[in-house]
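A.B. asks: First the structure, then my questions, so here it is.
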Amino acid sequence: MEVPTLDILSDYHVQRVLGSGREGTVYLVEDKERLGELVLKVFHEPHTSDWLPGLPVYADKVMANDLGLPEVNLLYYRDEIIGAVYPYVQLSSLHWRILNSIEIVAQSIVGAYCDMQYYLMSEHGLALSEPGLPHFMVDKNGRWHYLDIGGGICLLNHSFVHKHGLIGYGFANMLMSIYNKNLYDLMKPVEDYSYDVPCIYCMHKSLDAIAMQHEWVKEILSDVRNQKSTVFYDPGFYQRISESLPNRVPWPSLILPLSKSLTWLGKLRGMLD
């Protein structure tokens with residue numbers, strides 16, 4: 001069934017498209033009644049709550065917070081989820097050179113992710129199953145925000161997620177993505193994932209290469225590789241990591257302009273080549 005996109009958008013003043021991905025198109029809109037800026041995600045096709053089981057729980061339970069997790073309202077059509085709307089915050093991506101050269105900045109995204117994961121698991125029985133650098137952006141105060149409002153928010157006890165070890169898969173991809181690697185391109189989730197041994201995804205050789213250059217990643221991997229994969233279902237695991245790492249980008253008034261300058265120079269170099 002086709003999503004009634006025009007009916008959704010007619011309730012808002014659409015300012016621009018923020019992006020489009022596998023699940024839907026994201027717009028910056030203005031509420032016609034309250035005249036406030038919002039983010040509106042319109043799914044490419046309607047989904048039943050069974051298809052996105054974690055999202056309705058998230059929308060019902062997660063209120064305004066300082067963790068970078070947005071408060072979400074879902075939009076329905078004939079009992080199917082067709083969109084999500086949440087407050088707009090001006091956010092920026094960070095240039096890869098900054099993440100690769102300033103350790104404390106790279107560490108901050110893992111610290112923030114672990115804060116989010118601990119909160120969602122311990123308070124609501126939820127988890128982020130598809131974290132990665134493209135799903136996070138930073139605000140002017142240095143706080144990281146999670147962007148992928150959709151299927152990547154899962155029920156902790158979801159059978160498909162558990163069967164394929166997607167919580168551990170996401171953790172491994174989170175570490176890789178900071179350093180320009182994507183686990184999805186290197187290794188697909190397996191169906192025979194075992195919780196009686198260390199996480200197979202965290203054994204990938206690409207993580208070994210990253211760990212050789214970044215001691216803080218080596219320490220995390222050493223911990224994970226010496227525990228059974230059940231560790232990813234322990235909220236305390238994420239709490240321990242977050243306590244050892246920063247959870248915000250330091251010196252945002254310096255880092256963000258530097259990131260923008262590096263991005264601009266990269267575009268200029270591309271135009272001249």
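In the structure tokens, each chain is lettered A, B, ... as it comes, each chain's residues begin at 1, and ligands are numbered from 1 in order of appearance.
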Set the distance at 7 Å and use only C-alpha atoms: which residues neighbour Pro246 of chain A once local chain neighbours fewer than 3 positions away are removed? I'd like the list as an MDAnalysis selection string.
C.D. replies: chainID A and resid 107:108 111
A.B. asks: Pull N, CA and C atoms from the residues just selected and write them as a short mmCIF file (atom, residue, chain, number, x, y, z; two decimals), in the first residue's frame.
C.D. replies:
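Now in out09.cif:
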```cif
data_model
loop_
_atom_site.label_atom_id
_atom_site.label_comp_id
_atom_site.auth_asym_id
_atom_site.auth_seq_id
_atom_site.Cartn_x
_atom_site.Cartn_y
_atom_site.Cartn_z
N GLN A 107 36.16 9.13 21.30
CA GLN A 107 35.67 8.46 22.50
C GLN A 107 34.30 8.96 22.92
N SER A 108 34.04 10.25 22.69
CA SER A 108 32.80 10.85 23.17
C SER A 108 31.56 10.24 22.51
N GLY A 111 30.96 6.98 24.31
CA GLY A 111 30.44 7.28 25.63
C GLY A 111 28.97 7.67 25.59
#
```
A.B. asks: Can you list every residue of segment 2-50 of chain A that has an atom at most 10 Å from segment 67-87 of chain A, with its nearest atom pair and the distance in Å to one decimal, using only C-alpha atoms, ordered by chain then number, as JSON lines?
C.D. replies:
```
{"residue": "A:Glu2", "atom": "CA", "partner": "A:Ile82", "partner_atom": "CA", "distance": 9.9}
{"residue": "A:Val3", "atom": "CA", "partner": "A:Ile82", "partner_atom": "CA", "distance": 6.7}
{"residue": "A:Pro4", "atom": "CA", "partner": "A:Ile82", "partner_atom": "CA", "distance": 8.3}
{"residue": "A:Thr5", "atom": "CA", "partner": "A:Ile82", "partner_atom": "CA", "distance": 8.6}
{"residue": "A:Ile8", "atom": "CA", "partner": "A:Gly83", "partner_atom": "CA", "distance": 8.2}
{"residue": "A:Gly24", "atom": "CA", "partner": "A:Gly83", "partner_atom": "CA", "distance": 8.5}
{"residue": "A:Thr25", "atom": "CA", "partner": "A:Gly83", "partner_atom": "CA", "distance": 9.4}
{"residue": "A:Val26", "atom": "CA", "partner": "A:Ala84", "partner_atom": "CA", "distance": 9.3}
{"residue": "A:Tyr27", "atom": "CA", "partner": "A:Val85", "partner_atom": "CA", "distance": 9.5}
{"residue": "A:Leu28", "atom": "CA", "partner": "A:Pro87", "partner_atom": "CA", "distance": 9.7}
{"residue": "A:Val29", "atom": "CA", "partner": "A:Val85", "partner_atom": "CA", "distance": 9.4}
{"residue": "A:Gly36", "atom": "CA", "partner": "A:Pro87", "partner_atom": "CA", "distance": 8.4}
{"residue": "A:Glu37", "atom": "CA", "partner": "A:Pro87", "partner_atom": "CA", "distance": 6.8}
{"residue": "A:Leu38", "atom": "CA", "partner": "A:Pro87", "partner_atom": "CA", "distance": 4.6}
{"residue": "A:Val39", "atom": "CA", "partner": "A:Tyr86", "partner_atom": "CA", "distance": 5.3}
{"residue": "A:Leu40", "atom": "CA", "partner": "A:Val85", "partner_atom": "CA", "distance": 4.5}
{"residue": "A:Lys41", "atom": "CA", "partner": "A:Ala84", "partner_atom": "CA", "distance": 5.2}
{"residue": "A:Val42", "atom": "CA", "partner": "A:Gly83", "partner_atom": "CA", "distance": 4.4}
{"residue": "A:Phe43", "atom": "CA", "partner": "A:Ile82", "partner_atom": "CA", "distance": 5.4}
{"residue": "A:His44", "atom": "CA", "partner": "A:Ile82", "partner_atom": "CA", "distance": 8.0}
{"residue": "A:Glu45", "atom": "CA", "partner": "A:Ile82", "partner_atom": "CA", "distance": 6.8}
{"residue": "A:Pro46", "atom": "CA", "partner": "A:Ile82", "partner_atom": "CA", "distance": 4.7}
{"residue": "A:His47", "atom": "CA", "partner": "A:Ile81", "partner_atom": "CA", "distance": 5.1}
{"residue": "A:Thr48", "atom": "CA", "partner": "A:Glu80", "partner_atom": "CA", "distance": 4.7}
{"residue": "A:Ser49", "atom": "CA", "partner": "A:Glu80", "partner_atom": "CA", "distance": 6.9}
{"residue": "A:Asp50", "atom": "CA", "partner": "A:Glu80", "partner_atom": "CA", "distance": 9.7}
```
A.B. asks: Using DSSP on the backbone coordinates, identify the residues of segment 21-269 of chain A assigned to strand (DSSP E); present them as a PDB file with C-alpha atoms, in the first residue's frame.
C.D. replies:
```
ATOM      1  CA  GLY A  24      11.970   6.840   4.646  1.00  0.00           C
ATOM      2  CA  THR A  25      12.409  10.525   3.825  1.00  0.00           C
ATOM      3  CA  VAL A  26      13.160  13.071   6.543  1.00  0.00           C
ATOM      4  CA  TYR A  27      11.876  16.652   6.315  1.00  0.00           C
ATOM      5  CA  LEU A  28      12.384  19.845   8.272  1.00  0.00           C
ATOM      6  CA  VAL A  29       8.861  21.158   8.762  1.00  0.00           C
ATOM      7  CA  GLU A  30       7.015  23.860  10.624  1.00  0.00           C
ATOM      8  CA  ASP A  31       3.900  23.076  12.614  1.00  0.00           C
ATOM      9  CA  GLU A  37      10.235  23.630  13.741  1.00  0.00           C
ATOM     10  CA  LEU A  38      10.004  19.850  13.749  1.00  0.00           C
ATOM     11  CA  VAL A  39      11.607  16.863  12.084  1.00  0.00           C
ATOM     12  CA  LEU A  40       9.147  14.694  10.149  1.00  0.00           C
ATOM     13  CA  LYS A  41      10.125  11.221   8.969  1.00  0.00           C
ATOM     14  CA  VAL A  42       7.773   9.708   6.409  1.00  0.00           C
ATOM     15  CA  PHE A  43       8.246   5.977   5.919  1.00  0.00           C
ATOM     16  CA  HIS A  44       8.450   4.731   2.346  1.00  0.00           C
ATOM     17  CA  GLU A  45       5.629   2.306   3.158  1.00  0.00           C
ATOM     18  CA  PRO A  46       3.322   1.808   6.143  1.00  0.00           C
ATOM     19  CA  HIS A  47       4.401  -0.612   8.855  1.00  0.00           C
ATOM     20  CA  ASN A  73       5.183  11.122  18.270  1.00  0.00           C
ATOM     21  CA  LEU A  74       4.119   8.495  15.749  1.00  0.00           C
ATOM     22  CA  LEU A  75       1.712   9.123  12.870  1.00  0.00           C
ATOM     23  CA  TYR A  76      -0.757   6.384  11.937  1.00  0.00           C
ATOM     24  CA  TYR A  77      -2.977   5.561   8.984  1.00  0.00           C
ATOM     25  CA  GLU A  80      -0.223   1.348  10.545  1.00  0.00           C
ATOM     26  CA  ILE A  81       2.782   3.557  11.279  1.00  0.00           C
ATOM     27  CA  ILE A  82       3.406   5.963   8.421  1.00  0.00           C
ATOM     28  CA  GLY A  83       5.644   8.549  10.035  1.00  0.00           C
ATOM     29  CA  ALA A  84       7.293  10.012  13.107  1.00  0.00           C
ATOM     30  CA  VAL A  85       7.650  13.599  14.250  1.00  0.00           C
ATOM     31  CA  TYR A  86      10.032  15.011  16.848  1.00  0.00           C
ATOM     32  CA  PRO A  87      11.598  18.358  17.852  1.00  0.00           C
ATOM     33  CA  LEU A 126      14.771  -1.325  24.453  1.00  0.00           C
ATOM     34  CA  ALA A 127      18.085  -1.150  22.591  1.00  0.00           C
ATOM     35  CA  LEU A 128      19.751   0.495  19.606  1.00  0.00           C
ATOM     36  CA  PHE A 136      24.650  10.405  15.198  1.00  0.00           C
ATOM     37  CA  MET A 137      25.176  14.170  14.975  1.00  0.00           C
ATOM     38  CA  VAL A 138      26.301  16.755  17.498  1.00  0.00           C
ATOM     39  CA  TRP A 144      25.531  13.720  20.509  1.00  0.00           C
ATOM     40  CA  HIS A 145      22.002  13.040  19.209  1.00  0.00           C
ATOM     41  CA  TYR A 146      20.615   9.785  17.798  1.00  0.00           C
ATOM     42  CA  ILE A 153      15.142   0.934  17.895  1.00  0.00           C
ATOM     43  CA  CYS A 154      14.290  -2.606  18.963  1.00  0.00           C
ATOM     44  CA  LEU A 155      12.789  -4.536  21.825  1.00  0.00           C
TER      45      LEU A 155
END
```
A.B. asks: Write out as a PyMOL selection string the residues lying within 12 Å of segment 212-214 of chain A, counting only C-alpha atoms and excluding same-chain residues fewer than 6 positions away.
C.D. replies: chain A and resi 99-104+106-107+175-176+178-179+205-206+220-222
A.B. asks: Okay, now the selection with N, CA and C atoms, as a tab-separated table (two decimals), in the first residue's frame?
C.D. replies:
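Output (again10.tsv):
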```tsv
chain	number	residue	atom	x	y	z
A	99	LEU	N	37.73	13.01	13.97
A	99	LEU	CA	37.53	11.76	14.70
A	99	LEU	C	38.78	10.89	14.68
A	100	ASN	N	39.53	10.94	13.59
A	100	ASN	CA	40.72	10.12	13.46
A	100	ASN	C	41.93	10.68	14.19
A	101	SER	N	41.93	11.98	14.45
A	101	SER	CA	43.13	12.61	15.02
A	101	SER	C	42.97	13.07	16.46
A	102	ILE	N	41.73	13.24	16.94
A	102	ILE	CA	41.51	13.71	18.31
A	102	ILE	C	40.77	12.61	19.06
A	103	GLU	N	41.51	11.84	19.84
A	103	GLU	CA	40.96	10.65	20.49
A	103	GLU	C	39.75	10.95	21.36
A	104	ILE	N	39.80	12.04	22.11
A	104	ILE	CA	38.73	12.33	23.05
A	104	ILE	C	37.41	12.61	22.32
A	106	ALA	N	36.55	11.09	19.36
A	106	ALA	CA	36.09	9.76	18.96
A	106	ALA	C	35.50	9.01	20.15
A	107	GLN	N	36.16	9.13	21.30
A	107	GLN	CA	35.67	8.46	22.50
A	107	GLN	C	34.30	8.96	22.92
A	175	LEU	N	32.09	0.87	16.77
A	175	LEU	CA	33.52	1.11	16.88
A	175	LEU	C	34.17	1.28	15.51
A	176	MET	N	33.78	0.44	14.56
A	176	MET	CA	34.37	0.51	13.22
A	176	MET	C	34.04	1.82	12.51
A	178	ILE	N	33.52	4.78	13.39
A	178	ILE	CA	34.26	5.98	13.79
A	178	ILE	C	35.52	6.12	12.95
A	179	TYR	N	36.07	5.00	12.54
A	179	TYR	CA	37.32	5.00	11.78
A	179	TYR	C	37.13	4.53	10.34
A	205	LYS	N	38.84	-8.83	11.79
A	205	LYS	CA	40.22	-8.35	11.65
A	205	LYS	C	40.31	-6.84	11.48
A	206	SER	N	39.25	-6.21	10.96
A	206	SER	CA	39.27	-4.75	10.81
A	206	SER	C	39.34	-4.06	12.17
A	220	ILE	N	38.69	-1.76	25.12
A	220	ILE	CA	37.28	-2.19	25.04
A	220	ILE	C	37.18	-3.57	24.41
A	221	LEU	N	37.91	-3.78	23.31
A	221	LEU	CA	37.87	-5.07	22.63
A	221	LEU	C	38.39	-6.19	23.52
A	222	SER	N	39.45	-5.92	24.26
A	222	SER	CA	40.01	-6.92	25.15
A	222	SER	C	38.97	-7.37	26.17
```
A.B. asks: List every residue of segment 14-132 of chain A that DSSP, applied to the backbone, labels as helix (DSSP H, G or I), and write the result as a short mmCIF file (atom, residue, chain, number, x, y, z; two decimals) with N, CA and C atoms, in the first residue's frame.
C.D. replies:
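Final output, selection_0.cif:
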```cif
data_model
loop_
_atom_site.label_atom_id
_atom_site.label_comp_id
_atom_site.auth_asym_id
_atom_site.auth_seq_id
_atom_site.Cartn_x
_atom_site.Cartn_y
_atom_site.Cartn_z
N GLY A 54 9.73 -2.10 18.44
CA GLY A 54 10.38 -1.25 19.44
C GLY A 54 9.95 0.20 19.38
N LEU A 55 9.56 0.66 18.18
CA LEU A 55 9.28 2.08 17.99
C LEU A 55 8.06 2.57 18.77
N PRO A 56 6.92 1.86 18.79
CA PRO A 56 5.79 2.32 19.59
C PRO A 56 6.11 2.37 21.09
N VAL A 57 6.90 1.42 21.58
CA VAL A 57 7.28 1.43 22.99
C VAL A 57 8.16 2.65 23.27
N TYR A 58 9.10 2.91 22.37
CA TYR A 58 9.96 4.09 22.50
C TYR A 58 9.11 5.36 22.54
N ALA A 59 8.19 5.50 21.59
CA ALA A 59 7.37 6.71 21.52
C ALA A 59 6.51 6.88 22.77
N ASP A 60 6.08 5.78 23.34
CA ASP A 60 5.23 5.84 24.53
C ASP A 60 6.03 6.12 25.80
N LYS A 61 7.26 5.63 25.87
CA LYS A 61 8.02 5.65 27.12
C LYS A 61 9.07 6.76 27.22
N TRP A 96 35.76 13.47 9.31
CA TRP A 96 36.46 12.24 9.68
C TRP A 96 37.87 12.50 10.19
N ARG A 97 38.50 13.56 9.71
CA ARG A 97 39.87 13.85 10.17
C ARG A 97 39.90 14.19 11.66
N ILE A 98 38.85 14.83 12.14
CA ILE A 98 38.78 15.16 13.56
C ILE A 98 38.64 13.90 14.40
N LEU A 99 37.73 13.01 13.97
CA LEU A 99 37.53 11.76 14.70
C LEU A 99 38.78 10.89 14.68
N ASN A 100 39.53 10.94 13.59
CA ASN A 100 40.72 10.12 13.46
C ASN A 100 41.93 10.68 14.19
N SER A 101 41.93 11.98 14.45
CA SER A 101 43.13 12.61 15.02
C SER A 101 42.97 13.07 16.46
N GLU A 103 41.51 11.84 19.84
CA GLU A 103 40.96 10.65 20.49
C GLU A 103 39.75 10.95 21.36
N ILE A 104 39.80 12.04 22.11
CA ILE A 104 38.73 12.33 23.05
C ILE A 104 37.41 12.61 22.32
N VAL A 105 37.48 13.10 21.09
CA VAL A 105 36.27 13.32 20.30
C VAL A 105 35.69 11.98 19.85
N ALA A 106 36.55 11.09 19.36
CA ALA A 106 36.09 9.76 18.96
C ALA A 106 35.50 9.01 20.15
N GLN A 107 36.16 9.13 21.30
CA GLN A 107 35.67 8.46 22.50
C GLN A 107 34.30 8.96 22.92
N SER A 108 34.04 10.25 22.69
CA SER A 108 32.80 10.85 23.17
C SER A 108 31.56 10.24 22.51
N ILE A 109 31.67 9.82 21.26
CA ILE A 109 30.49 9.25 20.61
C ILE A 109 30.18 7.87 21.19
N VAL A 110 31.22 7.10 21.55
CA VAL A 110 30.98 5.80 22.18
C VAL A 110 30.44 5.99 23.59
N GLY A 111 30.96 6.98 24.31
CA GLY A 111 30.44 7.28 25.63
C GLY A 111 28.97 7.67 25.59
N ALA A 112 28.61 8.50 24.61
CA ALA A 112 27.21 8.92 24.47
C ALA A 112 26.32 7.74 24.09
N TYR A 113 26.78 6.92 23.15
CA TYR A 113 26.02 5.73 22.73
C TYR A 113 25.79 4.79 23.91
N CYS A 114 26.81 4.59 24.73
CA CYS A 114 26.67 3.69 25.88
C CYS A 114 25.70 4.27 26.91
N ASP A 115 25.70 5.59 27.07
CA ASP A 115 24.71 6.23 27.95
C ASP A 115 23.29 5.95 27.46
N MET A 116 23.09 6.10 26.16
CA MET A 116 21.78 5.84 25.57
C MET A 116 21.38 4.38 25.74
N GLN A 117 22.32 3.49 25.46
CA GLN A 117 22.02 2.06 25.53
C GLN A 117 21.69 1.65 26.97
N TYR A 118 22.44 2.15 27.92
CA TYR A 118 22.18 1.82 29.33
C TYR A 118 20.79 2.29 29.73
N TYR A 119 20.44 3.51 29.35
CA TYR A 119 19.12 4.06 29.70
C TYR A 119 17.99 3.26 29.07
N LEU A 120 18.09 3.00 27.78
CA LEU A 120 17.03 2.29 27.07
C LEU A 120 16.86 0.87 27.60
N MET A 121 17.96 0.19 27.87
CA MET A 121 17.88 -1.18 28.36
C MET A 121 17.33 -1.25 29.78
N SER A 122 17.91 -0.44 30.66
CA SER A 122 17.57 -0.56 32.07
C SER A 122 16.19 0.01 32.39
N GLU A 123 15.75 1.02 31.64
CA GLU A 123 14.48 1.68 31.95
C GLU A 123 13.31 1.15 31.13
N HIS A 124 13.55 0.73 29.87
CA HIS A 124 12.43 0.46 28.97
C HIS A 124 12.51 -0.87 28.22
#
```
A.B. asks: Give the answer as one residue: which of A:Lys228, A:Lys163, A:Lys181, A:Lys140 has the shortest atom-to-atom distance to Ser253 of chain A, using only C-alpha atoms?
C.D. replies: A:Lys140
A.B. asks: Taking only C-alpha atoms into account, name the residue in A:Glu191, A:Asp196, A:Asp7, A:Glu130 that is nearest to Ser229 of chain A.
C.D. replies: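 Closest residue, counting only C-alpha atoms: A:Asp196.
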A.B. asks: Of the candidates A:His95, A:Lys218, A:Arg16, A:His158, which one gets nearest to Leu258 of chain A if we count only C-alpha atoms?
C.D. replies: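 Using only C-alpha atoms, the shortest distance to Leu258 of chain A belongs to A:His95.
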A.B. asks: If you measure from atom CA of Ser20 of chain A to atom CA of Pro53 of chain A, what distance in Å do you get, rounded to one decimal?
C.D. replies: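 Between these atoms lies a distance of 21.9 Å.
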A.B. asks: Check the smallest atom-to-atom distance from each of A:Trp51, A:Tyr195, A:Tyr169, A:Tyr12 to Leu183 of chain A using only C-alpha atoms, then report the winner.
C.D. replies: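 Looking at the shortest contact to Leu183 of chain A, the residue is A:Tyr169.
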A.B. asks: Skipping near chain neighbours, those fewer than 3 positions away, what residues fall within 12 Å of Asn182 of chain A using only C-alpha atoms, listed as a list in words?
C.D. replies: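 Counting only C-alpha atoms, the residues come to Glu130, Pro131, Gly132, Leu133, Pro134, Tyr169, Gly170, Phe171, Ala172, Asn173, Met174, Leu175, Met176, Ser177, Ile178, Tyr179, Asp185, Leu186, Met187, Lys188, Tyr201, His204, Ser206 and Leu207 of chain A.
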A.B. asks: Quick one, how far is atom CA of Arg143 of chain A from atom CA of Asp66 of chain A?
C.D. replies: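 Here the two named atoms are 8.4 Å from each other.
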A.B. asks: What lies within 8 Å of Gly165 of chain A using only C-alpha atoms, ignoring chain neighbours under 5 positions off, as a PDB file with C-alpha atoms, in the first residue's frame?
C.D. replies:
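Listing of result-v3.pdb after writing:
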```
ATOM      1  CA  PRO A 189      24.734 -10.997  10.427  1.00  0.00           C
ATOM      2  CA  VAL A 190      24.776 -14.753  10.981  1.00  0.00           C
ATOM      3  CA  TYR A 193      25.069 -16.547  16.513  1.00  0.00           C
ATOM      4  CA  SER A 194      26.212 -18.077  19.794  1.00  0.00           C
TER       5      SER A 194
END
```
A.B. asks: What is the atom CA of Asn180 of chain A to atom CA of Glu215 of chain A distance in Å?
C.D. replies: 17.2 Å
